[in-house]
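Asker: Contents are mmCIF, C-alpha atoms; file name structure04.cif:
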data_upload
#
loop_
_atom_site.label_atom_id
_atom_site.label_comp_id
_atom_site.auth_asym_id
_atom_site.auth_seq_id
_atom_site.Cartn_x
_atom_site.Cartn_y
_atom_site.Cartn_z
CA MET A 654 -131.14 88.39 98.57
CA ALA A 655 -127.64 88.33 97.11
CA THR A 656 -124.75 88.36 99.54
CA ARG A 657 -122.40 91.25 98.98
CA GLN A 658 -118.71 90.34 98.95
CA ILE A 659 -115.87 92.81 99.14
CA VAL A 660 -112.69 93.01 97.10
CA PRO A 661 -110.40 94.97 99.46
CA ALA A 662 -108.79 98.18 98.24
CA ALA A 663 -105.79 97.20 96.06
CA GLY A 664 -106.60 93.53 96.73
CA GLY A 665 -108.14 90.62 94.84
CA ALA A 666 -110.81 87.95 95.15
CA GLY A 667 -111.72 84.76 93.33
CA LEU A 668 -115.08 83.13 92.72
CA ARG A 669 -116.63 80.35 90.70
CA LEU A 670 -119.53 81.22 88.45
CA ALA A 671 -121.70 78.50 86.93
CA ARG A 672 -123.10 78.84 83.43
CA GLY A 673 -126.21 81.02 83.55
CA GLU A 674 -125.29 82.75 86.83
CA HIS A 675 -124.99 86.53 86.96
CA LEU A 676 -122.26 88.54 88.64
CA ARG A 677 -122.80 92.15 89.64
CA ILE A 678 -119.68 94.30 90.14
CA ILE A 679 -120.23 97.47 92.15
CA ASP A 680 -118.12 100.59 92.54
CA ILE A 681 -118.86 101.34 96.20
CA GLU A 682 -117.37 104.80 96.61
CA GLY A 683 -117.13 106.01 93.00
CA GLY A 684 -114.23 106.40 90.58
CA GLN A 685 -112.63 103.01 91.31
CA THR A 686 -111.53 100.73 88.48
CA GLY A 687 -110.70 97.04 88.57
CA ASP A 688 -109.61 94.01 86.56
CA LEU A 689 -111.60 90.92 85.72
CA MET A 690 -109.95 87.70 84.56
CA ALA A 691 -111.87 84.59 83.49
CA PHE A 692 -110.72 81.05 82.89
CA SER A 693 -112.69 77.90 82.23
CA GLN A 694 -112.94 75.86 85.43
CA ASP A 695 -110.19 73.50 84.23
CA GLY A 696 -107.90 76.44 83.45
CA ARG A 697 -107.46 75.48 79.77
CA GLU A 698 -109.48 78.30 78.24
CA ARG A 699 -108.98 81.97 78.95
CA LEU A 700 -110.31 85.43 78.25
CA SER A 701 -109.10 86.92 74.95
CA ASN A 702 -109.24 90.59 74.03
CA GLY A 703 -108.22 89.77 70.45
CA ARG A 704 -111.09 87.30 69.93
CA THR A 705 -113.51 89.72 71.60
CA PHE A 706 -112.44 92.60 69.35
CA ASP A 707 -112.74 90.35 66.30
CA TYR A 708 -116.18 88.85 66.96
CA GLY A 709 -117.62 92.09 68.34
CA GLY A 710 -115.99 94.31 65.72
CA LYS A 711 -115.23 96.98 68.32
CA ILE A 712 -113.00 97.81 71.27
CA TYR A 713 -115.47 99.58 73.59
CA LEU A 714 -117.84 97.06 75.18
CA SER A 715 -121.15 97.54 76.98
CA THR A 716 -124.61 96.00 77.36
CA GLY A 717 -125.18 93.09 75.00
CA ASP A 718 -121.51 92.56 74.20
CA VAL A 719 -119.77 89.24 74.71
CA LEU A 720 -116.33 88.54 76.18
CA TRP A 721 -114.85 85.62 74.23
CA SER A 722 -112.29 82.97 75.12
CA ASP A 723 -109.08 82.18 73.23
CA ARG A 724 -110.90 79.06 71.95
CA SER A 725 -113.66 81.17 70.39
CA ARG A 726 -116.38 80.40 72.89
CA PRO A 727 -118.47 83.04 74.68
CA MET A 728 -117.37 83.33 78.32
CA LEU A 729 -119.41 86.29 79.62
CA THR A 730 -122.14 88.57 78.30
CA ILE A 731 -122.58 92.09 79.65
CA VAL A 732 -126.30 92.23 80.48
CA GLU A 733 -126.38 95.51 82.44
CA ASP A 734 -123.97 98.41 82.40
CA GLY A 735 -124.50 101.49 84.52
CA VAL A 736 -121.12 102.97 83.57
CA GLY A 737 -120.68 102.49 79.81
CA ARG A 738 -116.93 102.63 79.52
CA HIS A 739 -114.41 99.89 80.15
CA ASP A 740 -111.01 99.00 78.75
CA PHE A 741 -109.75 95.79 77.20
CA LEU A 742 -106.48 97.12 75.76
CA TYR A 743 -104.16 97.37 78.75
CA SER A 744 -102.55 94.46 80.54
CA SER A 745 -103.09 94.38 84.29
CA CYS A 746 -100.72 96.56 86.23
CA SER A 747 -97.79 94.50 87.48
CA LEU A 748 -94.80 94.92 89.77
CA GLU A 749 -92.61 95.43 86.69
CA MET A 750 -94.96 98.17 85.45
CA TYR A 751 -94.69 100.08 88.73
CA ARG A 752 -90.91 99.79 88.54
CA ILE A 753 -90.63 100.83 84.86
CA GLN A 754 -93.24 103.57 84.77
CA TYR A 755 -93.25 104.90 88.34
CA GLY A 756 -89.75 104.08 89.60
CA VAL A 757 -91.09 102.02 92.48
CA THR A 758 -88.52 99.97 94.39
CA GLY A 759 -89.55 97.03 96.55
CA TYR A 760 -93.01 95.50 96.32
CA HIS A 761 -96.13 97.35 95.17
CA ALA A 762 -99.64 95.86 95.20
CA ASN A 763 -100.69 95.13 91.62
CA CYS A 764 -103.61 93.63 89.70
CA HIS A 765 -101.48 90.94 88.03
CA ASP A 766 -100.49 89.37 91.35
CA ASN A 767 -103.99 89.85 92.79
CA LEU A 768 -105.54 88.00 89.83
CA LEU A 769 -102.92 85.24 89.85
CA SER A 770 -103.31 84.64 93.60
CA ALA A 771 -107.11 84.57 93.34
CA LEU A 772 -106.95 82.06 90.47
CA ARG A 773 -104.49 79.87 92.39
CA GLU A 774 -106.88 79.79 95.34
CA LEU A 775 -109.46 78.42 92.89
CA GLY A 776 -107.01 75.75 91.71
CA VAL A 777 -106.25 77.42 88.37
CA GLU A 778 -102.50 77.81 87.75
CA PRO A 779 -101.95 79.59 84.43
CA ASP A 780 -98.38 80.01 83.24
CA SER A 781 -99.28 83.48 81.99
CA LEU A 782 -102.22 85.88 82.22
CA PRO A 783 -103.77 87.35 79.08
CA THR A 784 -104.92 90.97 78.95
CA ALA A 785 -107.61 91.53 81.61
CA PHE A 786 -110.98 93.19 81.16
CA ASN A 787 -110.49 96.52 82.96
CA PHE A 788 -113.96 97.33 84.17
CA PHE A 789 -114.88 101.00 84.74
CA MET A 790 -111.50 102.04 83.28
CA ASN A 791 -111.86 105.00 80.96
CA VAL A 792 -109.32 104.83 78.14
CA ASN A 793 -109.72 106.75 74.92
CA VAL A 794 -108.03 105.90 71.64
CA LEU A 795 -107.13 109.16 69.90
CA PRO A 796 -107.27 109.35 66.07
CA ASP A 797 -103.50 108.87 65.77
CA GLY A 798 -103.64 105.75 67.99
CA ARG A 799 -102.33 107.34 71.16
CA LEU A 800 -104.01 106.18 74.36
CA GLU A 801 -105.37 108.59 76.92
CA PHE A 802 -106.45 107.83 80.49
CA ALA A 803 -109.55 109.76 81.48
CA PRO A 804 -111.09 109.80 84.97
CA PRO A 805 -113.50 106.89 85.52
CA ARG A 806 -117.14 107.69 84.78
CA CYS A 807 -118.47 105.52 87.60
CA ARG A 808 -120.07 107.11 90.65
CA ALA A 809 -120.78 105.58 94.06
CA GLY A 810 -123.15 102.64 93.67
CA ASP A 811 -122.75 102.24 89.90
CA SER A 812 -122.50 98.67 88.73
CA MET A 813 -122.41 96.28 85.82
CA VAL A 814 -123.75 92.73 85.49
CA VAL A 815 -122.21 89.90 83.47
CA ARG A 816 -123.76 86.50 82.75
CA ALA A 817 -121.57 83.40 82.62
CA GLU A 818 -121.87 81.56 79.30
CA MET A 819 -119.83 78.62 80.62
CA ASP A 820 -118.64 77.44 84.04
CA LEU A 821 -115.91 79.89 85.03
CA ALA A 822 -113.15 80.64 87.49
CA ILE A 823 -113.23 84.42 87.91
CA ALA A 824 -110.65 86.69 89.52
CA LEU A 825 -111.29 90.33 90.41
CA SER A 826 -108.85 93.01 91.49
CA SER A 827 -109.30 96.53 92.85
CA CYS A 828 -106.72 98.44 90.81
CA PRO A 829 -104.02 100.06 92.97
CA ALA A 830 -102.92 102.50 90.21
CA SER A 831 -104.12 106.03 90.94
CA THR A 832 -103.56 106.82 87.22
CA CYS A 833 -106.59 104.66 86.40
CA ASN A 834 -108.65 105.96 89.31
CA GLY A 835 -108.68 109.65 88.50
CA GLY A 836 -105.76 110.28 90.86
CA ALA A 837 -107.46 108.77 93.91
CA PRO A 838 -105.99 106.08 96.17
CA PRO A 839 -107.40 102.56 95.72
CA ARG A 840 -110.73 101.74 97.33
CA PRO A 841 -112.74 98.52 97.64
CA ILE A 842 -115.03 97.02 95.02
CA ALA A 843 -118.09 94.90 95.83
CA TYR A 844 -119.60 91.97 93.98
CA GLU A 845 -122.72 89.84 94.25
CA ILE A 846 -123.92 86.71 92.51
CA VAL A 847 -127.42 87.83 91.61
CA THR A 848 -130.63 86.56 90.06
CA ILE A 849 -131.97 88.91 87.40
CA MET B 1216 -75.80 88.80 51.51
CA ALA B 1217 -78.86 87.75 53.47
CA THR B 1218 -80.59 84.55 52.41
CA ARG B 1219 -84.20 85.11 51.50
CA GLN B 1220 -86.64 82.59 52.98
CA ILE B 1221 -90.24 82.16 51.92
CA VAL B 1222 -93.35 81.80 54.03
CA PRO B 1223 -95.71 80.01 51.61
CA ALA B 1224 -99.07 81.56 50.79
CA ALA B 1225 -101.42 80.77 53.71
CA GLY B 1226 -98.57 78.88 55.41
CA GLY B 1227 -96.17 79.48 58.29
CA ALA B 1228 -92.47 79.39 59.15
CA GLY B 1229 -90.40 79.43 62.32
CA LEU B 1230 -86.96 80.85 63.02
CA ARG B 1231 -84.68 81.58 65.91
CA LEU B 1232 -83.39 85.11 66.30
CA ALA B 1233 -80.51 85.90 68.62
CA ARG B 1234 -80.42 89.11 70.62
CA GLY B 1235 -79.16 91.92 68.38
CA GLU B 1236 -80.07 90.18 65.11
CA HIS B 1237 -82.37 91.88 62.63
CA LEU B 1238 -85.27 90.30 60.76
CA ARG B 1239 -86.63 91.85 57.58
CA ILE B 1240 -90.17 90.88 56.57
CA ILE B 1241 -91.04 91.53 52.93
CA ASP B 1242 -94.37 91.72 51.13
CA ILE B 1243 -93.33 90.16 47.82
CA GLU B 1244 -96.36 90.86 45.64
CA GLY B 1245 -98.08 93.70 47.52
CA GLY B 1246 -101.18 93.81 49.72
CA GLN B 1247 -100.38 90.69 51.77
CA THR B 1248 -100.64 90.72 55.56
CA GLY B 1249 -99.20 88.30 58.08
CA ASP B 1250 -98.87 87.41 61.73
CA LEU B 1251 -95.77 87.47 63.88
CA MET B 1252 -95.55 85.61 67.19
CA ALA B 1253 -92.55 85.78 69.52
CA PHE B 1254 -91.61 83.68 72.53
CA SER B 1255 -88.44 83.59 74.56
CA GLN B 1256 -86.33 80.60 73.52
CA ASP B 1257 -87.49 78.62 76.57
CA GLY B 1258 -91.14 79.36 75.77
CA ARG B 1259 -91.83 80.98 79.15
CA GLU B 1260 -92.17 84.57 77.97
CA ARG B 1261 -94.45 85.72 75.20
CA LEU B 1262 -95.49 88.72 73.14
CA SER B 1263 -98.08 90.95 74.86
CA ASN B 1264 -100.24 93.52 73.12
CA GLY B 1265 -101.46 94.85 76.49
CA ARG B 1266 -97.91 95.51 77.78
CA THR B 1267 -96.94 97.04 74.42
CA PHE B 1268 -99.93 99.39 74.45
CA ASP B 1269 -99.17 100.36 78.04
CA TYR B 1270 -95.45 101.09 77.72
CA GLY B 1271 -95.78 102.66 74.28
CA GLY B 1272 -98.94 104.61 75.14
CA LYS B 1273 -100.42 103.89 71.70
CA ILE B 1274 -101.95 101.15 69.56
CA TYR B 1275 -100.42 101.96 66.13
CA LEU B 1276 -96.77 100.96 66.05
CA SER B 1277 -93.99 101.89 63.66
CA THR B 1278 -90.28 102.78 63.54
CA GLY B 1279 -88.75 103.12 67.01
CA ASP B 1280 -91.57 101.31 68.80
CA VAL B 1281 -90.97 98.28 71.00
CA LEU B 1282 -92.96 95.04 71.19
CA TRP B 1283 -92.97 93.97 74.85
CA SER B 1284 -93.29 90.58 76.54
CA ASP B 1285 -95.84 89.59 79.18
CA ARG B 1286 -92.95 89.84 81.70
CA SER B 1287 -92.32 93.45 80.80
CA ARG B 1288 -89.14 92.97 78.83
CA PRO B 1289 -88.53 94.36 75.33
CA MET B 1290 -88.70 91.54 72.76
CA LEU B 1291 -88.43 93.37 69.44
CA THR B 1292 -87.85 96.94 68.27
CA ILE B 1293 -89.15 98.13 64.90
CA VAL B 1294 -86.09 99.75 63.32
CA GLU B 1295 -87.38 100.23 59.76
CA ASP B 1296 -90.93 100.40 58.49
CA GLY B 1297 -91.75 100.93 54.84
CA VAL B 1298 -95.47 100.42 55.39
CA GLY B 1299 -96.44 102.36 58.50
CA ARG B 1300 -99.57 100.54 59.54
CA HIS B 1301 -99.88 97.27 61.45
CA ASP B 1302 -102.42 95.82 63.84
CA PHE B 1303 -101.99 94.45 67.35
CA LEU B 1304 -105.68 94.24 68.31
CA TYR B 1305 -106.94 91.13 66.53
CA SER B 1306 -106.16 87.57 67.50
CA SER B 1307 -104.80 85.41 64.71
CA CYS B 1308 -107.44 83.96 62.45
CA SER B 1309 -108.30 80.44 63.60
CA LEU B 1310 -110.36 77.52 62.37
CA GLU B 1311 -113.11 78.54 64.79
CA MET B 1312 -113.09 82.07 63.36
CA TYR B 1313 -113.59 80.80 59.81
CA ARG B 1314 -116.46 78.66 61.07
CA ILE B 1315 -118.15 81.42 63.11
CA GLN B 1316 -117.63 84.36 60.78
CA TYR B 1317 -117.52 82.74 57.34
CA GLY B 1318 -119.55 79.55 57.79
CA VAL B 1319 -116.63 77.36 56.71
CA THR B 1320 -117.06 73.63 57.25
CA GLY B 1321 -114.09 71.29 57.34
CA TYR B 1322 -110.54 72.58 57.69
CA HIS B 1323 -109.38 76.03 56.57
CA ALA B 1324 -105.76 77.20 56.66
CA ASN B 1325 -105.37 79.72 59.48
CA CYS B 1326 -102.68 81.83 61.15
CA HIS B 1327 -103.26 80.31 64.60
CA ASP B 1328 -102.37 76.80 63.46
CA ASN B 1329 -99.52 78.08 61.27
CA LEU B 1330 -97.96 79.90 64.23
CA LEU B 1331 -98.48 77.00 66.62
CA SER B 1332 -96.94 74.47 64.20
CA ALA B 1333 -93.96 76.74 63.53
CA LEU B 1334 -93.35 77.19 67.26
CA ARG B 1335 -93.61 73.44 67.88
CA GLU B 1336 -90.98 72.84 65.21
CA LEU B 1337 -88.75 75.15 67.28
CA GLY B 1338 -89.48 73.16 70.44
CA VAL B 1339 -91.83 75.75 71.96
CA GLU B 1340 -95.16 74.25 73.06
CA PRO B 1341 -97.39 77.03 74.45
CA ASP B 1342 -100.73 76.02 75.89
CA SER B 1343 -102.26 79.12 74.33
CA LEU B 1344 -101.23 81.85 71.90
CA PRO B 1345 -101.56 85.51 72.86
CA THR B 1346 -102.71 88.12 70.34
CA ALA B 1347 -100.26 88.19 67.44
CA PHE B 1348 -98.61 91.23 65.87
CA ASN B 1349 -100.43 91.52 62.53
CA PHE B 1350 -97.84 93.11 60.28
CA PHE B 1351 -99.04 95.16 57.28
CA MET B 1352 -102.65 94.73 58.47
CA ASN B 1353 -104.57 97.98 58.16
CA VAL B 1354 -107.17 98.29 60.92
CA ASN B 1355 -108.69 101.61 61.92
CA VAL B 1356 -110.34 102.33 65.25
CA LEU B 1357 -113.29 104.64 64.63
CA PRO B 1358 -114.20 107.30 67.23
CA ASP B 1359 -116.99 105.11 68.65
CA GLY B 1360 -114.61 102.16 69.03
CA ARG B 1361 -115.78 100.18 66.02
CA LEU B 1362 -113.04 98.47 64.05
CA GLU B 1363 -112.70 98.83 60.31
CA PHE B 1364 -110.56 96.72 57.98
CA ALA B 1365 -108.95 98.83 55.27
CA PRO B 1366 -106.91 97.45 52.35
CA PRO B 1367 -103.25 96.94 53.25
CA ARG B 1368 -100.98 99.86 52.40
CA CYS B 1369 -98.04 97.65 51.43
CA ARG B 1370 -96.91 97.41 47.82
CA ALA B 1371 -94.70 94.81 46.17
CA GLY B 1372 -91.26 94.86 47.79
CA ASP B 1373 -92.25 96.87 50.87
CA SER B 1374 -90.73 95.63 54.10
CA MET B 1375 -90.17 96.23 57.77
CA VAL B 1376 -87.20 95.35 59.99
CA VAL B 1377 -87.30 94.34 63.64
CA ARG B 1378 -84.34 93.91 65.99
CA ALA B 1379 -84.38 91.15 68.61
CA GLU B 1380 -83.90 92.52 72.13
CA MET B 1381 -83.58 88.99 73.58
CA ASP B 1382 -83.04 85.50 72.15
CA LEU B 1383 -86.32 84.61 70.49
CA ALA B 1384 -88.35 81.85 68.86
CA ILE B 1385 -90.30 83.60 66.10
CA ALA B 1386 -93.24 82.28 64.08
CA LEU B 1387 -94.55 83.95 60.93
CA SER B 1388 -97.73 83.28 59.00
CA SER B 1389 -99.03 84.47 55.64
CA CYS B 1390 -102.62 85.34 56.49
CA PRO B 1391 -105.17 83.26 54.52
CA ALA B 1392 -108.06 85.71 55.21
CA SER B 1393 -108.91 87.74 52.12
CA THR B 1394 -110.67 90.24 54.42
CA CYS B 1395 -107.25 91.34 55.70
CA ASN B 1396 -105.65 91.28 52.25
CA GLY B 1397 -107.90 93.75 50.47
CA GLY B 1398 -110.00 90.90 49.05
CA ALA B 1399 -107.09 89.11 47.38
CA PRO B 1400 -106.20 85.43 47.85
CA PRO B 1401 -103.21 84.69 50.10
CA ARG B 1402 -99.73 85.08 48.67
CA PRO B 1403 -96.27 84.32 50.06
CA ILE B 1404 -94.24 86.54 52.38
CA ALA B 1405 -90.43 86.63 52.45
CA TYR B 1406 -88.02 87.15 55.32
CA GLU B 1407 -84.30 87.60 55.75
CA ILE B 1408 -82.02 87.78 58.76
CA VAL B 1409 -80.08 90.90 57.85
CA THR B 1410 -77.18 93.04 59.04
CA ILE B 1411 -78.04 96.73 59.08
#
Can you present the structure in this file as structure tokens?

Answerer:
Amino acid sequence: MATRQIVPAAGGAGLRLARGEHLRIIDIEGGQTGDLMAFSQDGRERLSNGRTFDYGGKIYLSTGDVLWSDRSRPMLTIVEDGVGRHDFLYSSCSLEMYRIQYGVTGYHANCHDNLLSALRELGVEPDSLPTAFNFFMNVNVLPDGRLEFAPPRCRAGDSMVVRAEMDLAIALSSCPASTCNGGAPPRPIAYEIVTI
Amino acid sequence: MATRQIVPAAGGAGLRLARGEHLRIIDIEGGQTGDLMAFSQDGRERLSNGRTFDYGGKIYLSTGDVLWSDRSRPMLTIVEDGVGRHDFLYSSCSLEMYRIQYGVTGYHANCHDNLLSALRELGVEPDSLPTAFNFFMNVNVLPDGRLEFAPPRCRAGDSMVVRAEMDLAIALSSCPASTCNGGAPPRPIAYEIVTI
């Protein structure tokens, strides 16, 4: 039986995933979004939204779709998706974003720092993070190109499963931005390394 | 009078742009797309499509829109745009892309290598390139999220002007992919540092 691990509300967690292993990400309470970042174990290869859009020919990803690296190798395949909508357009929220867009002064928990800390704990020290895969985040592209946040579609217990296509260092973050979470405060996310 | 420089067909070029300077990019023959990459002069800060989408709230960029860095600082502002459609979703074409999508064997000129070489000539040695700004490239996002290449809208002599909001190392590439150029072979692009 898979052991359930918790990403604390507005916090992060890191894990190593060997090629062929499956990771299930679970929205425990419903309506909570999060960020996923993937690097090769040596830190030299990273998730790329641009390569993923190119090879997949689309921006909305679900079951059967591959998340590609900046060196054009498959990193993760979505093998189950109980939610159906994710975002790969927006960078992780960052301290600067909270200052610029919300007028926050002082520190504010943010996905960028959560992901970076989790990667550092795994021994990966990137000089910059690419755009994260924002799981469960419901962003619509309107015909004129404007972006619209919609409430997450995920309900309590909904999950998705990704399969590692190479050995990976993975970082997860429970997004602290209520804008992405349908106006709700941040809540925890769970994950399990599963056999399917 | 501004000195016109040429980016050779399927080639690249690098330039430094001081804060407040303006760069005009010109499609000489019509229907030619290209990639623009920007780093801070010290190479520590780079162009970010995710931050640009977030702060701009849209994916199609034109006059008045800002291209942001991964550290949430404005890098470039589009101050003139005679074309009106560009792309910031696709990674630069790369050797691996030509192999995967077109079955190319051996070497094929590509924007990724053009940009990297141009940056190295400027003393900037990134370990990875983020998604480039694909000027004049006409990509539509369909309602279901699929991406569609349309022929470029630019005609001979059309141009756009960007203003540097910080001191920058800029790389330009004339895209070798006929898919992006309405089926035509690659042709040169021109640029000028201009006073407007």

Asker: Which residue, B:Asp1269, B:Asp1285, B:Asp1280, B:Glu1244, has the smallest gap to Ser781 in chain A when you use all atoms listed in the file?

Answerer: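 Once distances to Ser781 in chain A are computed over all atoms listed in the file, the minimum belongs to B:Asp1285.
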
Asker: Written as a ChimeraX atom specification, what is the full residue list that the PyMOL selection byres ((chain A and resi 676) around 7) yields on the file shown?

Answerer: /A:674-675,677-678,814-816,844-847

Asker: I need the residue nearest chain B from this list: A:Thr848, A:Ser827, A:Asn793, A:Gln658. Use all atoms listed in the file for the distance.

Answerer: A:Asn793

Asker: Counting all atoms listed in the file, which residues of chain B fall within 8 Å of chain A, and what is the closest atom pair for each with its distance in Å at one decimal, ordered by chain and rising number, as a Markdown table?

Answerer:
| residue | atom | partner | partner_atom | distance |
| --- | --- | --- | --- | --- |
| B:Arg1259 | CA | A:Asp780 | CA | 7.8 |
| B:Ser1263 | CA | A:Pro783 | CA | 7.9 |
| B:Asn1264 | CA | A:Leu742 | CA | 7.7 |
| B:Gly1265 | CA | A:Ser744 | CA | 4.2 |
| B:Arg1266 | CA | A:Ser744 | CA | 5.5 |
| B:Phe1268 | CA | A:Tyr743 | CA | 6.4 |
| B:Asp1269 | CA | A:Tyr743 | CA | 5.9 |
| B:Tyr1270 | CA | A:Gln754 | CA | 7.8 |
| B:Gly1272 | CA | A:Leu800 | CA | 5.4 |
| B:Lys1273 | CA | A:Arg799 | CA | 4.0 |
| B:Ile1274 | CA | A:Gly798 | CA | 5.1 |
| B:Tyr1275 | CA | A:Gly798 | CA | 5.3 |
| B:Asp1285 | CA | A:Ser781 | CA | 7.6 |
| B:Arg1286 | CA | A:Glu749 | CA | 7.5 |
| B:Ser1287 | CA | A:Glu749 | CA | 6.2 |
| B:Leu1304 | CA | A:Gly703 | CA | 5.6 |
| B:Tyr1305 | CA | A:Gly703 | CA | 4.3 |
| B:Ser1306 | CA | A:Gly703 | CA | 4.2 |
| B:Ser1307 | CA | A:Gly703 | CA | 8.0 |
| B:Glu1311 | CA | A:Ser725 | CA | 6.2 |
| B:Met1312 | CA | A:Ser725 | CA | 7.1 |
| B:Gln1316 | CA | A:Tyr708 | CA | 7.8 |
| B:Asp1342 | CA | A:Arg697 | CA | 7.8 |
| B:Ser1343 | CA | A:Asp723 | CA | 7.6 |
| B:Leu1344 | CA | A:Asp723 | CA | 8.0 |
| B:Pro1345 | CA | A:Pro783 | CA | 6.9 |
| B:Thr1346 | CA | A:Gly703 | CA | 5.8 |
| B:Val1356 | CA | A:Val794 | CA | 7.7 |
| B:Leu1357 | CA | A:Pro796 | CA | 7.8 |
| B:Pro1358 | CA | A:Pro796 | CA | 7.3 |
| B:Asp1359 | CA | A:Tyr713 | CA | 7.6 |
| B:Gly1360 | CA | A:Ile712 | CA | 5.2 |
| B:Arg1361 | CA | A:Lys711 | CA | 4.0 |
| B:Leu1362 | CA | A:Lys711 | CA | 5.0 |
| B:Glu1363 | CA | A:Gly710 | CA | 7.8 |

Asker: Of the candidates B:Asp1382, B:Asp1242, B:Asp1373, B:Asp1250, which shows the shortest atom-to-atom distance to Ile1404 in chain B, using only C-alpha atoms?

Answerer: B:Asp1242

Asker: Quick one: distance from CA of Gln685 in chain A to CA of Phe789 in chain A in Å, one decimal?

Answerer: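 Answer for the CA of Gln685 in chain A to CA of Phe789 in chain A separation: 7.2 Å.
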
Asker: As a list in words, please: the residues near Ser1255 in chain B (cut-off 10 Å, all atoms listed in the file, same-chain neighbours under 5 positions excluded).

Answerer: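 Using all atoms listed in the file, the neighbours found are Arg1231, Leu1232, Glu1260, Arg1261, Leu1262, Ser1284, Met1290, Val1339, Met1381, Asp1382, Leu1383, Ala1384 and Ile1385 of chain B.
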
Asker: Expressed in Å to a single decimal, how great is the separation between CA of Gly836 in chain A and CA of Gly684 in chain A?

Answerer: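 Taking CA of Gly836 in chain A and CA of Gly684 in chain A, their separation equals 9.3 Å.
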
Asker: As a check of understanding, name the residues that the PyMOL selection byres ((chain B and resi 1295) around 6) selects in the supplied structure, as a VMD selection string.

Answerer: chain B and resid 1278 1293 to 1294 1296 1375 to 1376

Asker: Rounded to one decimal place, report the CA of Thr1248 in chain B-CA of Ala1233 in chain B distance in Å.

Answerer: 24.5 Å

Asker: Skip Leu772 in chain A itself and residues of its chain fewer than 3 positions away, then list as number ranges by chain all residues within 8 Å of it, counting all atoms listed in the file.

Answerer: A: 667, 768-769, 775-778, 822-824

Asker: So, with only C-alpha atoms as the atoms that count, which of A:Cys833, A:Cys807, A:Met690, A:Ala762 lies closest to Gly735 in chain A?

Answerer: A:Cys807

Asker: Name the residues captured by the PyMOL selection byres ((chain B and resi 1329) around 8) when it is applied to the shown file; answer as a list in words.

Answerer: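 So the PyMOL selection byres ((chain B and resi 1329) around 8) ends up selecting Gly1226, Gly1227, Ala1228, Ala1324, Asn1325, Cys1326, His1327, Asp1328, Leu1330, Leu1331, Ser1332, Ala1333, Leu1387 and Ser1388 of chain B.
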
Asker: Restricting the calculation to only C-alpha atoms: of A:Val719, A:Phe788, A:Ile681, A:Gly759, which residue gets closest to Pro661 in chain A?

Answerer: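 Result for the nearest residue to Pro661 in chain A: A:Ile681.
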